[in-house]
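Engineer: Structure incoming, see below.
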Amino acid sequence: MHFTTYDAPQVAADYTTIAEKSPFVYGLTNYIAANLSANVVLAAGAGPAIGAGADWTSTFPATAQGVWINTATVISNSESEIRTAAQTAHRAGTPWVLDPVAAGSAPEYDSLVKSLLAFRPTVIRGNASELVALAGGEGQGRGVETTLNSDQAVGHIEQLARDTGAVVAVSGPTDYITDGTATVAVTGGDRRLTQVTGAGCSLGALTAAAVAAVEDPLRATVASHAAFARAAEIAAQTVGPHGGTGSFAVALVDGLHTLANADN
Amino acid sequence: MHFTTYDAPQVAADYTTIAEKSPFVYGLTNYIAANLSANVVLAAGAGPAIGAGADWTSTFPATAQGVWINTATVISNSESEIRTAAQTAHRAGTPWVLDPVAAGSAPEYDSLVKSLLAFRPTVIRGNASELVALAGGEGQGRGVETTLNSDQAVGHIEQLARDTGAVVAVSGPTDYITDGTATVAVTGGDRRLTQVTGAGCSLGALTAAAVAAVEDPLRATVASHAAFARAAEIAAQTVGPHGGTGSFAVALVDGLHTLANADN
Amino acid sequence: MHFTTYDAPQVAADYTTIAEKSPFVYGLTNYIAANLSANVVLAAGAGPAIGAGADWTSTFPATAQGVWINTATVISNSESEIRTAAQTAHRAGTPWVLDPVAAGSAPEYDSLVKSLLAFRPTVIRGNASELVALAGGEGQGRGVETTLNSDQAVGHIEQLARDTGAVVAVSGPTDYITDGTATVAVTGGDRRLTQVTGAGCSLGALTAAAVAAVEDPLRATVASHAAFARAAEIAAQTVGPHGGTGSFAVALVDGLHTLANADN
């Protein structure tokens, strides 16, 4: 395992490739996180569209350069719409990110989440409880929140990556990203990321923008996670150690925008 | 009737109990207010989940420590999902908050709103038009907005509390909270609270976090309302008397976060 | 064609008429833009309600003074609900704004968008790709984003205005607003408006508030666009030329609030 941050060679260059290529990125997500997710994708320089309208699920994943499916989208969409979007991305060869929000929380819901693996996501990202549950362990999630630390999930995500062929990334005080062979640890961030609703969801969206712009999904996922962690540090500096979570959320988007527009 | 603010004994201690216990709080709300509501609950130190996905409505209200149902959730959910959530909370003994948004505005919709009373909400909170309509009077609401003053609703909410066994709280320039016997007036706040979409809805969510953490529902509801009013005053001080409503909304969340993390 | 800004005679007076009359404005929009749209309408001094709940679509468009329908609302609502809202506004004589988001993007979806023209919108506003597609040209949209410049759409929107009897407005570096005979160009704004999700959608909502308050739909639409452009300039001055898009979005709402509350 090696440790990295936004300062490592190639990481910033990979992140700013999003703004250079400005890919079209399509997502199915939940309405709590949709606004922040779209703003995060826009701040990075890509162009998002969100939601299942009429024939969008069977057309947009084919014309997009990247797709993300956040399973809490069940609060707005039918299982059939969600599967159509995953299948369309899979058939068109569009790289796509599975964000298994609340995996392990309820039986019927879990069947849906697991069924999406058949469409071979390029990246799976989530919190420790979700990914441990998806890997077949005891996730012990509480609604959409984790009760486990990312450190406890490392073995599980390496197994999940080998089982699915996907790059798997777990968020936490340290993020771990693995393709089942190489595992990268991304340090940094700020504890207030856990107090901004949809922060993790918007990292899933940002990762879709990254895999749309950077060919290697491991590198792309490291870049999105390292940029997110650095933007959180910039935000923490802007609002101070005791700054509130309202200001912090605004400054997080600013940080991603600043990094995307830096001369590098 | 007695008047109180965040400075009264016990009020701040009750509010900060939310952050100490960090309850899991589940809500059905509308997508306009969902993001702010989740951020308000997080700022107070609790953990929210929102929305009706697969079997969430029949499982989350039982595992949560508090639930809120905002009736404008009809814009995303079926009546059956909404009733299931209320029934599950009721059967599990989970305290729950009914926020009867737009009660009195349309006939078919009103039947649904009233039917939820059968599941015996712990707290009912709303604006004057909504609560007067729910109490059987002439509410005269305009969409989701009130045309009445909270002062005009006091008699109605006391009656509604006696009829339903719930604590009832009306928001306005002065908030009134009653269990049908004792009535508490909470002063403070800022007029810009009426110009931030979902502010009232997020107070419903915060009240669910409060009843999840503080056993007495009257005290819990006073604490959530007094903290909200104080956070609005902090926000007004931050952005100034002519500060815009965009900055005010951000500073409101900051205020709730600051109060939750104060040494007391 | 003549060029105008917020400084032209009558424009500011028309915009502040919204706050004076404080109309009730009802909208069907998408959950990505719903929160910003409601906050923009509130900042201007009007009272919004959003969404299709129970019998709202058959009642609110009749009691409202203005209505907007953003076709990306398909991600939450059935075609029948959307048509009912448009029909109710049409029959009640309530002025209404059609925002044909993503027109030209997918076949089945386009049929719905076009069918709404039968209910004779008072104003149609959108980006260049959407309006060119609606006018029967090659719109070449990419999801919900335009690939054309507003300058390229002028001839098309003049034709669309003549064909439909609506005032038609296209957003871009310069906005053009036409009734098919007179065409007004509104200059100003800031490029970051294209990096804030739902900015265009919220301009549609603001235009509904304007047509609710100002009788002449051409003047009303010029006022909403000129105020939006000026608010963007105020925001740009507040956050600086390199300020991030998170802060910019907050300052945009502040700008609209400041303009609405200026002594004029």
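Order determines the names: the first chain of the structure tokens is A, the second B, and so forth; residues in each chain are numbered 1 upward, and ligands are numbered 1 upward as they are shown.
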Only residues of chain C matter here; which ones have an atom within 6 Å of chain B, counting only C-alpha atoms? Give them as a PyMOL selection string.

Structural biologist: chain C and resi 31+34-35+39+42+49+51-54+250+253-254+257

Engineer: Can I get the selection written as a CSV table (one decimal), in the first residue's frame, with N, CA and C atoms?

Structural biologist:
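For reference, again-v3.csv as written:
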chain,number,residue,atom,x,y,z
C,31,TYR,N,-35.9,18.2,-9.0
C,31,TYR,CA,-35.4,18.3,-7.7
C,31,TYR,C,-34.0,18.7,-7.6
C,34,ALA,N,-34.9,22.7,-7.5
C,34,ALA,CA,-36.1,23.1,-6.8
C,34,ALA,C,-35.7,24.1,-5.6
C,35,ASN,N,-34.7,23.7,-4.9
C,35,ASN,CA,-34.3,24.5,-3.7
C,35,ASN,C,-33.9,25.9,-4.2
C,39,ASN,N,-35.7,29.6,-3.5
C,39,ASN,CA,-35.0,30.7,-2.8
C,39,ASN,C,-34.9,31.9,-3.7
C,42,LEU,N,-38.3,33.6,-3.5
C,42,LEU,CA,-38.4,34.2,-2.2
C,42,LEU,C,-37.6,35.5,-2.1
C,49,ALA,N,-44.7,27.8,-4.3
C,49,ALA,CA,-44.9,26.4,-3.9
C,49,ALA,C,-44.5,25.5,-5.1
C,51,GLY,N,-44.2,21.4,-6.8
C,51,GLY,CA,-44.4,20.0,-6.8
C,51,GLY,C,-45.8,19.5,-7.1
C,52,ALA,N,-46.0,18.3,-7.5
C,52,ALA,CA,-47.3,17.7,-7.8
C,52,ALA,C,-47.7,16.8,-6.7
C,53,GLY,N,-48.5,17.2,-5.8
C,53,GLY,CA,-49.0,16.4,-4.7
C,53,GLY,C,-50.5,16.3,-4.7
C,54,ALA,N,-51.0,15.1,-4.7
C,54,ALA,CA,-52.4,14.9,-4.7
C,54,ALA,C,-53.1,15.8,-5.7
C,250,VAL,N,-24.4,31.6,-3.6
C,250,VAL,CA,-24.9,32.2,-2.4
C,250,VAL,C,-25.1,33.7,-2.7
C,253,VAL,N,-28.1,34.8,-4.9
C,253,VAL,CA,-29.4,34.9,-4.2
C,253,VAL,C,-29.4,36.2,-3.4
C,254,ASP,N,-28.3,36.5,-2.7
C,254,ASP,CA,-28.1,37.8,-2.0
C,254,ASP,C,-28.4,39.0,-2.9
C,257,HIS,N,-32.0,39.5,-3.7
C,257,HIS,CA,-32.6,40.0,-2.4
C,257,HIS,C,-32.3,41.5,-2.2

Engineer: Please identify the strand (DSSP E) residues within stretch 11-227 of chain C (assignment by DSSP from backbone atoms) and present them as an NGL selection string.

Structural biologist: :C and (24-28 or 47-50 or 66-70 or 96-99 or 123-127 or 167-171 or 175-178 or 183-186)

Engineer: Apply DSSP to the backbone of this structure and, from stretch 19-244 of chain B, keep only the residues in alpha helix (DSSP H); write these as an NGL selection string.

Structural biologist: :B and (19-21 or 34-43 or 56-63 or 79-92 or 107-115 or 128-134 or 154-164 or 199-213 or 217-239)

Engineer: Quick one: residues within 7 Å of A:Leu116, only C-alpha atoms counted, chain neighbours fewer than 3 positions away excluded, as a list of chain:residue names?

Structural biologist: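 Neighbouring residues, sequence-local ones excluded: A:Arg83, A:Ala86, A:Leu112, A:Val113, A:Phe119.
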
Engineer: Could you please take those selected residues and save all heavy atoms as a CSV table (one decimal), in the first residue's frame?

Structural biologist:
chain,number,residue,atom,x,y,z
A,83,ARG,N,-32.0,-0.2,-13.2
A,83,ARG,CA,-31.4,-1.3,-14.0
A,83,ARG,C,-31.1,-0.9,-15.4
A,83,ARG,O,-30.1,-1.2,-16.0
A,83,ARG,CB,-32.2,-2.6,-13.9
A,83,ARG,CG,-32.1,-3.3,-12.6
A,83,ARG,CD,-32.3,-4.8,-12.7
A,83,ARG,NE,-32.3,-5.3,-11.3
A,83,ARG,CZ,-33.5,-5.3,-10.6
A,83,ARG,NH1,-34.6,-4.9,-11.1
A,83,ARG,NH2,-33.5,-5.8,-9.4
A,86,ALA,N,-28.0,1.3,-15.7
A,86,ALA,CA,-26.8,0.5,-15.5
A,86,ALA,C,-26.5,-0.4,-16.7
A,86,ALA,O,-25.4,-0.4,-17.2
A,86,ALA,CB,-26.9,-0.4,-14.2
A,112,LEU,N,-31.7,-5.3,-4.7
A,112,LEU,CA,-31.5,-4.4,-5.8
A,112,LEU,C,-30.1,-3.9,-5.9
A,112,LEU,O,-29.5,-4.0,-7.0
A,112,LEU,CB,-32.4,-3.2,-5.6
A,112,LEU,CG,-32.1,-2.0,-6.5
A,112,LEU,CD1,-32.4,-2.3,-8.0
A,112,LEU,CD2,-32.8,-0.7,-6.1
A,113,VAL,N,-29.5,-3.5,-4.7
A,113,VAL,CA,-28.2,-3.0,-4.8
A,113,VAL,C,-27.2,-4.1,-5.3
A,113,VAL,O,-26.4,-3.8,-6.2
A,113,VAL,CB,-27.7,-2.6,-3.3
A,113,VAL,CG1,-26.3,-2.2,-3.3
A,113,VAL,CG2,-28.6,-1.5,-2.8
A,119,PHE,N,-24.0,-5.6,-13.9
A,119,PHE,CA,-23.7,-4.7,-15.0
A,119,PHE,C,-22.3,-4.1,-14.9
A,119,PHE,O,-21.9,-3.1,-15.5
A,119,PHE,CB,-24.7,-3.6,-15.1
A,119,PHE,CG,-26.1,-4.1,-15.3
A,119,PHE,CD1,-27.1,-4.1,-14.3
A,119,PHE,CD2,-26.5,-4.7,-16.5
A,119,PHE,CE1,-28.3,-4.6,-14.5
A,119,PHE,CE2,-27.7,-5.3,-16.7
A,119,PHE,CZ,-28.7,-5.2,-15.7

Engineer: I'd like the contact shell of C:Thr16 - 12 Å cut-off, only C-alpha atoms, skipping same-chain residues fewer than 5 positions apart - returned as a PyMOL selection string.

Structural biologist: chain C and resi 6+10-11+21-23+43-46+209-210+213-214+220+223-224+227+256-264
